[in-house]
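Report on the following structure.
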Amino acid sequence: MPLPKGLLILLLLLPLFYLIYQGFTEQYGANPIQYLQQQTGTTAWLLLLLTLSITPLARHIEHRLRTFRRSIGLSVFFYAVLHVLLYLIFDQDLQFNALLEDIVSRPFISCGAIAFILLIPLALTSNRYAQRKMAMRWKLLHQMIYVIATSVLLHILWSVKWITLVPMLYVGLLLGLLLYRVWYQRKKNV
Amino acid sequence: MQIFLLQAIMRITINQQNDLKSSEITPENIFLQRRQFIKNAAVFGALCCCENSLAAFQRTLFYQKNEKYDLNERLTPKKYITEYNNFFEFSTQKKAVKTKAQHFITDPWQIKVSGHAEKTGTYDLYTLMHQFPLEQRIYRFRCIEAWSMVVPWVGVPLSKVLAYFKPLQDAKYVEFKTLYDPQQMPNQKIKLLDWPYTEGLRIDEAMHPLTLLVTGVYGKPLAPQNGAPVRLIVPWKYGFKSIKSIVSIRFTQHQPVSSWHQMIPEEYGFYANVNPNVRHPKWQQNKERRLGKFFKQKTLMFNGYANEVASLYQNMNLLENY
């Protein structure tokens, strides 16, 4: 089960390699920017769900999975950065005023902005040095991942026209992960 | 053109007179290609007689270019127009519409005309359209999702077609409906919208010279994913007003249902005029992505047709009546 770090990182970069391959084979379609925004966003989100699943999986199935959590978590940030850059450059022309205007006027962008901004301190403290220095506060800070995940889910739900099967699945998965956490805390406190 | 030359050649060869005027002599290159001309004419004739859908899409439409409706902007490549489609009856994935719609039957096709008009009834589309010469117009097309195209449509001004039905004085609006056929359009089995797709225009909008009843694009008949065999194009409004695969035209006294407006009235107005000043919660309307370009460009009021249509709305508050 445990993989060498390099192999794990390679696996986490596969979605990026696939996107690059699709670029060279002209599979982006008529609106490449929109497609890339969608794909990087979906990848970041799915990896986020995976990150949240590591702890339950590690507790109940294979404890060595825990060593993957940091890498997977950082890959979430990686794809989120790509996603946000595509938006900043191609949708907002790197204009700060236009960006601010959009954040306050479109609720789904507000949610996305909140999620990304909260993700930054988590990414910056994703190392052993920060873990040691912050001790108890590190755990508290990183529990924000649940706020971030909820914000991303709202971002997704607000961006689609209909809540079809896939968005419903996302709601179910996140709800499941949140409920698991509540259940485990209760169990621990008993 | 080919038939004309064929006739000219035949006239020459059948003519028994010995002295021919030099103007009657067929140019050598055309004379040598006469067999090809005859073959093309025969194929063309055969196609006219017994068309299946595939041949229908491949045949060329005969139309005149209307130079008055041309734009100093690059045409969107045909591939984008035929492979990036919002036609939710077939699929909610833009790329999938073409495949899902490929077997859509467009011949025979009937349009039911009803309501406040003299010549109501059910019309065969092809017989009806035969009476109106086709023209090509290059229009901007702006989707509410903030992307846009420049499209060479082939069609007839809707005003000409509607005038044919002789609408009565009390016809204040025109309602259009798309085909309802869940067998061919699988998503009509799901309540994404209140099927069949219904749209409407005020009578002055419908009779406006810009409004086009479209049967082709890029010189060929519409492919199913673009709303074959006949659709509306109202270039100063968001794309969802340009209803596809029309089976019903009804002249009404009261404002008709507009499917998206019915579904989410705060987001989709009845008028749906392209207006950079009216916000939308999902898409930024002051900018648009022109397909083929990477950066967004400014959206123009009425999609750049303000000169032609602003007068229709001069007494209306467009921030309220969107």
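Chain lettering (A, B, ...) mirrors the order of the structure tokens, residue numbering begins at 1 for each chain separately, and ligand numbering begins at 1 in order of display.
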With 9 Å as the limit and counting only C-alpha atoms, what residues in chain B lie close to chain A? Please list them as a list in words. Lys79, Tyr80, Ile81, Glu83, Tyr84, Lys95, Trp147, Leu192, Arg279, His280, Pro281, Lys282, Trp283, Gln284, Lys287, Glu288, Arg289, Arg290, Leu291, Gly292, Lys293, Phe294, Phe295 and Lys296 of chain B
Prev. selection, N, CA, C and O atoms, output as an mmCIF file, in the first residue's frame:
```
data_model
loop_
_atom_site.group_PDB
_atom_site.id
_atom_site.type_symbol
_atom_site.label_atom_id
_atom_site.label_comp_id
_atom_site.auth_asym_id
_atom_site.auth_seq_id
_atom_site.Cartn_x
_atom_site.Cartn_y
_atom_site.Cartn_z
ATOM 1 N N LYS B 79 -16.811 24.288 -37.199
ATOM 2 C CA LYS B 79 -16.651 23.215 -36.203
ATOM 3 C C LYS B 79 -17.178 23.645 -34.839
ATOM 4 O O LYS B 79 -17.826 22.878 -34.143
ATOM 5 N N TYR B 80 -16.926 24.897 -34.446
ATOM 6 C CA TYR B 80 -17.397 25.361 -33.150
ATOM 7 C C TYR B 80 -18.917 25.450 -33.156
ATOM 8 O O TYR B 80 -19.584 25.118 -32.189
ATOM 9 N N ILE B 81 -19.473 25.921 -34.265
ATOM 10 C CA ILE B 81 -20.918 26.102 -34.335
ATOM 11 C C ILE B 81 -21.635 24.769 -34.261
ATOM 12 O O ILE B 81 -22.702 24.650 -33.654
ATOM 13 N N GLU B 83 -20.362 21.899 -32.950
ATOM 14 C CA GLU B 83 -19.951 20.981 -31.890
ATOM 15 C C GLU B 83 -19.994 21.598 -30.497
ATOM 16 O O GLU B 83 -19.518 20.997 -29.537
ATOM 17 N N TYR B 84 -20.565 22.765 -30.350
ATOM 18 C CA TYR B 84 -20.675 23.433 -29.048
ATOM 19 C C TYR B 84 -22.103 23.930 -28.946
ATOM 20 O O TYR B 84 -22.429 25.018 -29.425
ATOM 21 N N LYS B 95 -20.806 19.039 -25.820
ATOM 22 C CA LYS B 95 -20.124 18.223 -26.822
ATOM 23 C C LYS B 95 -20.981 17.050 -27.279
ATOM 24 O O LYS B 95 -20.794 16.520 -28.365
ATOM 25 N N TRP B 147 -20.780 33.560 -23.707
ATOM 26 C CA TRP B 147 -19.889 33.272 -24.833
ATOM 27 C C TRP B 147 -20.627 33.697 -26.094
ATOM 28 O O TRP B 147 -21.847 33.849 -26.089
ATOM 29 N N LEU B 192 -36.337 18.884 -16.915
ATOM 30 C CA LEU B 192 -35.344 19.948 -16.836
ATOM 31 C C LEU B 192 -36.031 21.291 -17.032
ATOM 32 O O LEU B 192 -35.707 22.287 -16.391
ATOM 33 N N ARG B 279 -27.249 42.524 -14.392
ATOM 34 C CA ARG B 279 -26.423 41.450 -13.856
ATOM 35 C C ARG B 279 -27.139 40.113 -13.902
ATOM 36 O O ARG B 279 -28.358 40.035 -13.898
ATOM 37 N N HIS B 280 -26.319 39.075 -13.890
ATOM 38 C CA HIS B 280 -26.852 37.722 -13.783
ATOM 39 C C HIS B 280 -26.041 36.990 -12.730
ATOM 40 O O HIS B 280 -24.825 37.109 -12.707
ATOM 41 N N PRO B 281 -26.705 36.244 -11.821
ATOM 42 C CA PRO B 281 -25.950 35.606 -10.739
ATOM 43 C C PRO B 281 -24.927 34.572 -11.191
ATOM 44 O O PRO B 281 -23.966 34.314 -10.479
ATOM 45 N N LYS B 282 -25.139 33.969 -12.354
ATOM 46 C CA LYS B 282 -24.198 32.932 -12.782
ATOM 47 C C LYS B 282 -23.137 33.441 -13.745
ATOM 48 O O LYS B 282 -22.023 32.952 -13.757
ATOM 49 N N TRP B 283 -23.483 34.400 -14.627
ATOM 50 C CA TRP B 283 -22.546 34.820 -15.658
ATOM 51 C C TRP B 283 -22.421 36.329 -15.684
ATOM 52 O O TRP B 283 -23.410 37.048 -15.553
ATOM 53 N N GLN B 284 -21.202 36.782 -15.874
ATOM 54 C CA GLN B 284 -20.970 38.224 -15.964
ATOM 55 C C GLN B 284 -21.422 38.721 -17.315
ATOM 56 O O GLN B 284 -20.862 38.313 -18.336
ATOM 57 N N LYS B 287 -19.213 41.239 -20.033
ATOM 58 C CA LYS B 287 -18.154 40.710 -20.876
ATOM 59 C C LYS B 287 -18.632 39.425 -21.535
ATOM 60 O O LYS B 287 -19.580 38.799 -21.073
ATOM 61 N N GLU B 288 -17.934 39.002 -22.580
ATOM 62 C CA GLU B 288 -18.259 37.725 -23.209
ATOM 63 C C GLU B 288 -16.997 37.106 -23.790
ATOM 64 O O GLU B 288 -16.024 37.801 -24.083
ATOM 65 N N ARG B 289 -17.046 35.778 -23.914
ATOM 66 C CA ARG B 289 -15.915 35.111 -24.560
ATOM 67 C C ARG B 289 -16.310 34.801 -25.994
ATOM 68 O O ARG B 289 -17.204 33.995 -26.235
ATOM 69 N N ARG B 290 -15.659 35.467 -26.946
ATOM 70 C CA ARG B 290 -15.882 35.160 -28.356
ATOM 71 C C ARG B 290 -15.150 33.854 -28.629
ATOM 72 O O ARG B 290 -13.940 33.772 -28.412
ATOM 73 N N LEU B 291 -15.878 32.831 -29.053
ATOM 74 C CA LEU B 291 -15.235 31.533 -29.279
ATOM 75 C C LEU B 291 -14.110 31.690 -30.287
ATOM 76 O O LEU B 291 -14.300 32.281 -31.352
ATOM 77 N N GLY B 292 -12.968 31.131 -29.955
ATOM 78 C CA GLY B 292 -11.798 31.297 -30.811
ATOM 79 C C GLY B 292 -10.819 32.275 -30.181
ATOM 80 O O GLY B 292 -9.627 32.237 -30.474
ATOM 81 N N LYS B 293 -11.305 33.136 -29.312
ATOM 82 C CA LYS B 293 -10.416 34.056 -28.587
ATOM 83 C C LYS B 293 -10.299 33.576 -27.149
ATOM 84 O O LYS B 293 -11.165 32.877 -26.644
ATOM 85 N N PHE B 294 -9.228 33.981 -26.485
ATOM 86 C CA PHE B 294 -9.006 33.529 -25.119
ATOM 87 C C PHE B 294 -9.469 34.534 -24.073
ATOM 88 O O PHE B 294 -9.999 34.175 -23.044
ATOM 89 N N PHE B 295 -9.236 35.801 -24.349
ATOM 90 C CA PHE B 295 -9.628 36.818 -23.381
ATOM 91 C C PHE B 295 -11.052 37.276 -23.681
ATOM 92 O O PHE B 295 -11.525 37.209 -24.813
ATOM 93 N N LYS B 296 -11.708 37.724 -22.647
ATOM 94 C CA LYS B 296 -13.095 38.169 -22.826
ATOM 95 C C LYS B 296 -13.107 39.565 -23.439
ATOM 96 O O LYS B 296 -12.171 40.338 -23.306
#
```
Exercise for review: Among the residues of chain A, find those DSSP assigns to helix (DSSP H, G or I) from the backbone and print them as a ChimeraX atom specification.
Suggested key: /A:5-24,32-60,63-91,96-105,107-124,128-134,136-142,145-159,165-189
Practice problem: Excluding Pro167 in chain A and residues on its chain fewer than 4 positions from it, collect all residues at most 8 Å away from it, counting only C-alpha atoms, and give them as a PyMOL selection string. | Solution: chain A and resi 156-157+163+171
With N, CA and C atoms retained, could you export that selection as a PDB file, in the first residue's frame?
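Saved file selection-v7.pdb follows:
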```pdb
ATOM      1  N   ILE A 156     -19.925  25.002  -6.382  1.00  0.00           N
ATOM      2  CA  ILE A 156     -20.324  24.083  -7.450  1.00  0.00           C
ATOM      3  C   ILE A 156     -21.836  24.122  -7.659  1.00  0.00           C
ATOM      4  N   LEU A 157     -22.590  24.021  -6.569  1.00  0.00           N
ATOM      5  CA  LEU A 157     -24.047  23.964  -6.692  1.00  0.00           C
ATOM      6  C   LEU A 157     -24.601  25.246  -7.309  1.00  0.00           C
ATOM      7  N   ILE A 163     -29.566  20.740 -10.375  1.00  0.00           N
ATOM      8  CA  ILE A 163     -28.886  19.820  -9.468  1.00  0.00           C
ATOM      9  C   ILE A 163     -29.171  18.411  -9.984  1.00  0.00           C
ATOM     10  N   VAL A 171     -22.922  16.333  -2.921  1.00  0.00           N
ATOM     11  CA  VAL A 171     -23.559  16.693  -1.647  1.00  0.00           C
ATOM     12  C   VAL A 171     -23.532  15.490  -0.710  1.00  0.00           C
TER      13      VAL A 171
END
```
Here CA of His103 in chain B and CA of Gln27 in chain A stand apart by 23.8 Å
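From CA of Lys5 in chain A back to CA of Leu119 in chain A, the distance works out to 22.6 Å.
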**Report entry** Shell around Gly304 in chain B at 10 Å using only C-alpha atoms, local window under 4 positions removed, as a list in words
**Finding:** Tyr139, Arg140, Pro235, Trp236, Val274, Thr299, Leu300, Glu308 and Val309 of chain B
Margin query: What's around range 206-213 of chain B at 6 Å? Count only C-alpha atoms, leave out sequence neighbours fewer than 6 positions away in its own chain, and write the answer as a ChimeraX atom specification.
Written below: /B:155-159,231-234
Serialized selection, N, CA, C and O atoms, as an mmCIF file, in the first residue's frame:
```cif
data_model
loop_
_atom_site.group_PDB
_atom_site.id
_atom_site.type_symbol
_atom_site.label_atom_id
_atom_site.label_comp_id
_atom_site.auth_asym_id
_atom_site.auth_seq_id
_atom_site.Cartn_x
_atom_site.Cartn_y
_atom_site.Cartn_z
ATOM 1 N N GLY B 155 -31.525 32.124 -44.167
ATOM 2 C CA GLY B 155 -32.934 32.048 -43.812
ATOM 3 C C GLY B 155 -33.751 33.117 -44.500
ATOM 4 O O GLY B 155 -33.344 33.692 -45.518
ATOM 5 N N VAL B 156 -34.905 33.367 -43.899
ATOM 6 C CA VAL B 156 -35.862 34.316 -44.451
ATOM 7 C C VAL B 156 -36.263 35.270 -43.329
ATOM 8 O O VAL B 156 -36.435 34.824 -42.197
ATOM 9 N N PRO B 157 -36.395 36.547 -43.601
ATOM 10 C CA PRO B 157 -36.882 37.442 -42.542
ATOM 11 C C PRO B 157 -38.221 36.913 -42.019
ATOM 12 O O PRO B 157 -39.135 36.615 -42.799
ATOM 13 N N LEU B 158 -38.347 36.765 -40.715
ATOM 14 C CA LEU B 158 -39.570 36.220 -40.125
ATOM 15 C C LEU B 158 -40.777 37.057 -40.526
ATOM 16 O O LEU B 158 -41.877 36.529 -40.716
ATOM 17 N N SER B 159 -40.548 38.368 -40.689
ATOM 18 C CA SER B 159 -41.658 39.265 -41.030
ATOM 19 C C SER B 159 -42.353 38.822 -42.320
ATOM 20 O O SER B 159 -43.579 38.876 -42.424
ATOM 21 N N ARG B 231 -35.382 27.208 -37.318
ATOM 22 C CA ARG B 231 -35.260 27.829 -35.999
ATOM 23 C C ARG B 231 -35.370 29.339 -36.140
ATOM 24 O O ARG B 231 -35.362 29.878 -37.237
ATOM 25 N N LEU B 232 -35.445 29.985 -35.005
ATOM 26 C CA LEU B 232 -35.503 31.435 -34.976
ATOM 27 C C LEU B 232 -34.105 31.978 -34.681
ATOM 28 O O LEU B 232 -33.311 31.316 -34.006
ATOM 29 N N ILE B 233 -33.817 33.160 -35.203
ATOM 30 C CA ILE B 233 -32.617 33.865 -34.758
ATOM 31 C C ILE B 233 -33.000 35.315 -34.471
ATOM 32 O O ILE B 233 -33.469 36.029 -35.359
ATOM 33 N N VAL B 234 -32.852 35.699 -33.215
ATOM 34 C CA VAL B 234 -33.151 37.071 -32.804
ATOM 35 C C VAL B 234 -31.845 37.634 -32.258
ATOM 36 O O VAL B 234 -31.540 37.479 -31.078
#
```
_Backbone-only DSSP, strand (DSSP E) members of range 86-296 of chain B, as a VMD selection string_ = chain B and resid 110 to 115 121 to 124 135 to 142 147 to 157 173 to 178 198 to 202 212 to 217 220 to 221 231 to 233 246 to 252 287 to 290
- In Å, how far is it from CA of Leu312 in chain B to CA of Gln255 in chain B?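 Between these atoms lies a distance of 16.1 Å.
For the residues B:His116, B:Arg250, B:Lys244, B:Lys68, ranking by smallest atom-to-atom distance to Gln169 in chain B using only C-alpha atoms places B:His116 first.
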Fewer than 4 positions away in the same chain doesn't count, so skip those; otherwise give me all residues within 8 Å of Lys119 in chain B, counting only C-alpha atoms, as a PDB file with all heavy atoms, in the first residue's frame.
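Saved as around-v7.pdb:
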```
ATOM      1  N   VAL B 113     -49.774  26.574 -37.635  1.00  0.00           N
ATOM      2  CA  VAL B 113     -49.958  28.006 -37.425  1.00  0.00           C
ATOM      3  C   VAL B 113     -51.351  28.206 -36.852  1.00  0.00           C
ATOM      4  O   VAL B 113     -52.339  27.725 -37.421  1.00  0.00           O
ATOM      5  CB  VAL B 113     -49.792  28.781 -38.744  1.00  0.00           C
ATOM      6  CG1 VAL B 113     -50.027  30.272 -38.528  1.00  0.00           C
ATOM      7  CG2 VAL B 113     -48.411  28.536 -39.313  1.00  0.00           C
ATOM      8  N   TYR B 164     -47.302  36.396 -44.456  1.00  0.00           N
ATOM      9  CA  TYR B 164     -47.992  35.396 -45.291  1.00  0.00           C
ATOM     10  C   TYR B 164     -49.209  34.830 -44.570  1.00  0.00           C
ATOM     11  O   TYR B 164     -50.233  34.558 -45.183  1.00  0.00           O
ATOM     12  CB  TYR B 164     -47.014  34.282 -45.665  1.00  0.00           C
ATOM     13  CG  TYR B 164     -47.626  33.129 -46.410  1.00  0.00           C
ATOM     14  CD1 TYR B 164     -47.828  33.205 -47.793  1.00  0.00           C
ATOM     15  CD2 TYR B 164     -48.020  31.967 -45.742  1.00  0.00           C
ATOM     16  CE1 TYR B 164     -48.396  32.143 -48.479  1.00  0.00           C
ATOM     17  CE2 TYR B 164     -48.591  30.904 -46.430  1.00  0.00           C
ATOM     18  CZ  TYR B 164     -48.769  30.994 -47.795  1.00  0.00           C
ATOM     19  OH  TYR B 164     -49.344  29.949 -48.473  1.00  0.00           O
ATOM     20  N   PHE B 165     -49.109  34.650 -43.240  1.00  0.00           N
ATOM     21  CA  PHE B 165     -50.220  34.084 -42.469  1.00  0.00           C
ATOM     22  C   PHE B 165     -51.290  35.121 -42.143  1.00  0.00           C
ATOM     23  O   PHE B 165     -52.330  34.800 -41.591  1.00  0.00           O
ATOM     24  CB  PHE B 165     -49.708  33.458 -41.164  1.00  0.00           C
ATOM     25  CG  PHE B 165     -48.682  32.379 -41.371  1.00  0.00           C
ATOM     26  CD1 PHE B 165     -47.469  32.412 -40.705  1.00  0.00           C
ATOM     27  CD2 PHE B 165     -48.933  31.324 -42.229  1.00  0.00           C
ATOM     28  CE1 PHE B 165     -46.514  31.422 -40.902  1.00  0.00           C
ATOM     29  CE2 PHE B 165     -47.992  30.327 -42.430  1.00  0.00           C
ATOM     30  CZ  PHE B 165     -46.775  30.385 -41.773  1.00  0.00           C
ATOM     31  N   LYS B 166     -51.052  36.378 -42.478  1.00  0.00           N
ATOM     32  CA  LYS B 166     -51.995  37.495 -42.269  1.00  0.00           C
ATOM     33  C   LYS B 166     -52.466  37.574 -40.814  1.00  0.00           C
ATOM     34  O   LYS B 166     -53.625  37.275 -40.499  1.00  0.00           O
ATOM     35  CB  LYS B 166     -53.200  37.369 -43.206  1.00  0.00           C
ATOM     36  CG  LYS B 166     -52.861  37.502 -44.682  1.00  0.00           C
ATOM     37  CD  LYS B 166     -54.112  37.861 -45.480  1.00  0.00           C
ATOM     38  CE  LYS B 166     -53.837  38.305 -46.889  1.00  0.00           C
ATOM     39  NZ  LYS B 166     -53.195  37.349 -47.772  1.00  0.00           N
ATOM     40  N   PRO B 167     -51.573  37.985 -39.897  1.00  0.00           N
ATOM     41  CA  PRO B 167     -51.981  38.135 -38.494  1.00  0.00           C
ATOM     42  C   PRO B 167     -53.040  39.226 -38.360  1.00  0.00           C
ATOM     43  O   PRO B 167     -53.031  40.205 -39.104  1.00  0.00           O
ATOM     44  CB  PRO B 167     -50.692  38.521 -37.776  1.00  0.00           C
ATOM     45  CG  PRO B 167     -49.761  38.982 -38.830  1.00  0.00           C
ATOM     46  CD  PRO B 167     -50.151  38.345 -40.094  1.00  0.00           C
TER      47      PRO B 167
END
```
Quiz item: If you count only C-alpha atoms, which residues fall within 10 Å of Ile103 in chain A, apart from same-chain ones fewer than 5 positions away, as a ChimeraX atom specification?
Solution: /A:97-98,108-114
Print the selection's residues with N, CA and C atoms to a file, as a compact mmCIF listing (two decimals), in the first residue's frame.
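In the end it all went to selection-v3.txt:
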```txt
# COMPACT_ATOMS: atom_id res chain seq x y z
N ASN A 97 -9.96 45.67 -9.70
CA ASN A 97 -11.30 46.24 -9.49
C ASN A 97 -12.39 45.32 -10.03
N ALA A 98 -12.13 44.81 -11.24
CA ALA A 98 -13.10 43.90 -11.85
C ALA A 98 -13.27 42.66 -10.98
N PHE A 108 -21.65 32.70 -6.36
CA PHE A 108 -20.83 31.50 -6.51
C PHE A 108 -19.34 31.85 -6.58
N ILE A 109 -19.04 33.06 -7.06
CA ILE A 109 -17.65 33.51 -7.05
C ILE A 109 -17.23 33.86 -5.63
N SER A 110 -18.15 34.43 -4.85
CA SER A 110 -17.83 34.74 -3.45
C SER A 110 -17.41 33.47 -2.72
N CYS A 111 -18.19 32.40 -2.91
CA CYS A 111 -17.87 31.13 -2.26
C CYS A 111 -16.52 30.61 -2.71
N GLY A 112 -16.26 30.71 -3.99
CA GLY A 112 -14.98 30.24 -4.52
C GLY A 112 -13.83 31.04 -3.93
N ALA A 113 -14.02 32.36 -3.84
CA ALA A 113 -12.97 33.23 -3.30
C ALA A 113 -12.68 32.89 -1.83
N ILE A 114 -13.75 32.70 -1.06
CA ILE A 114 -13.60 32.35 0.35
C ILE A 114 -12.82 31.04 0.47
```
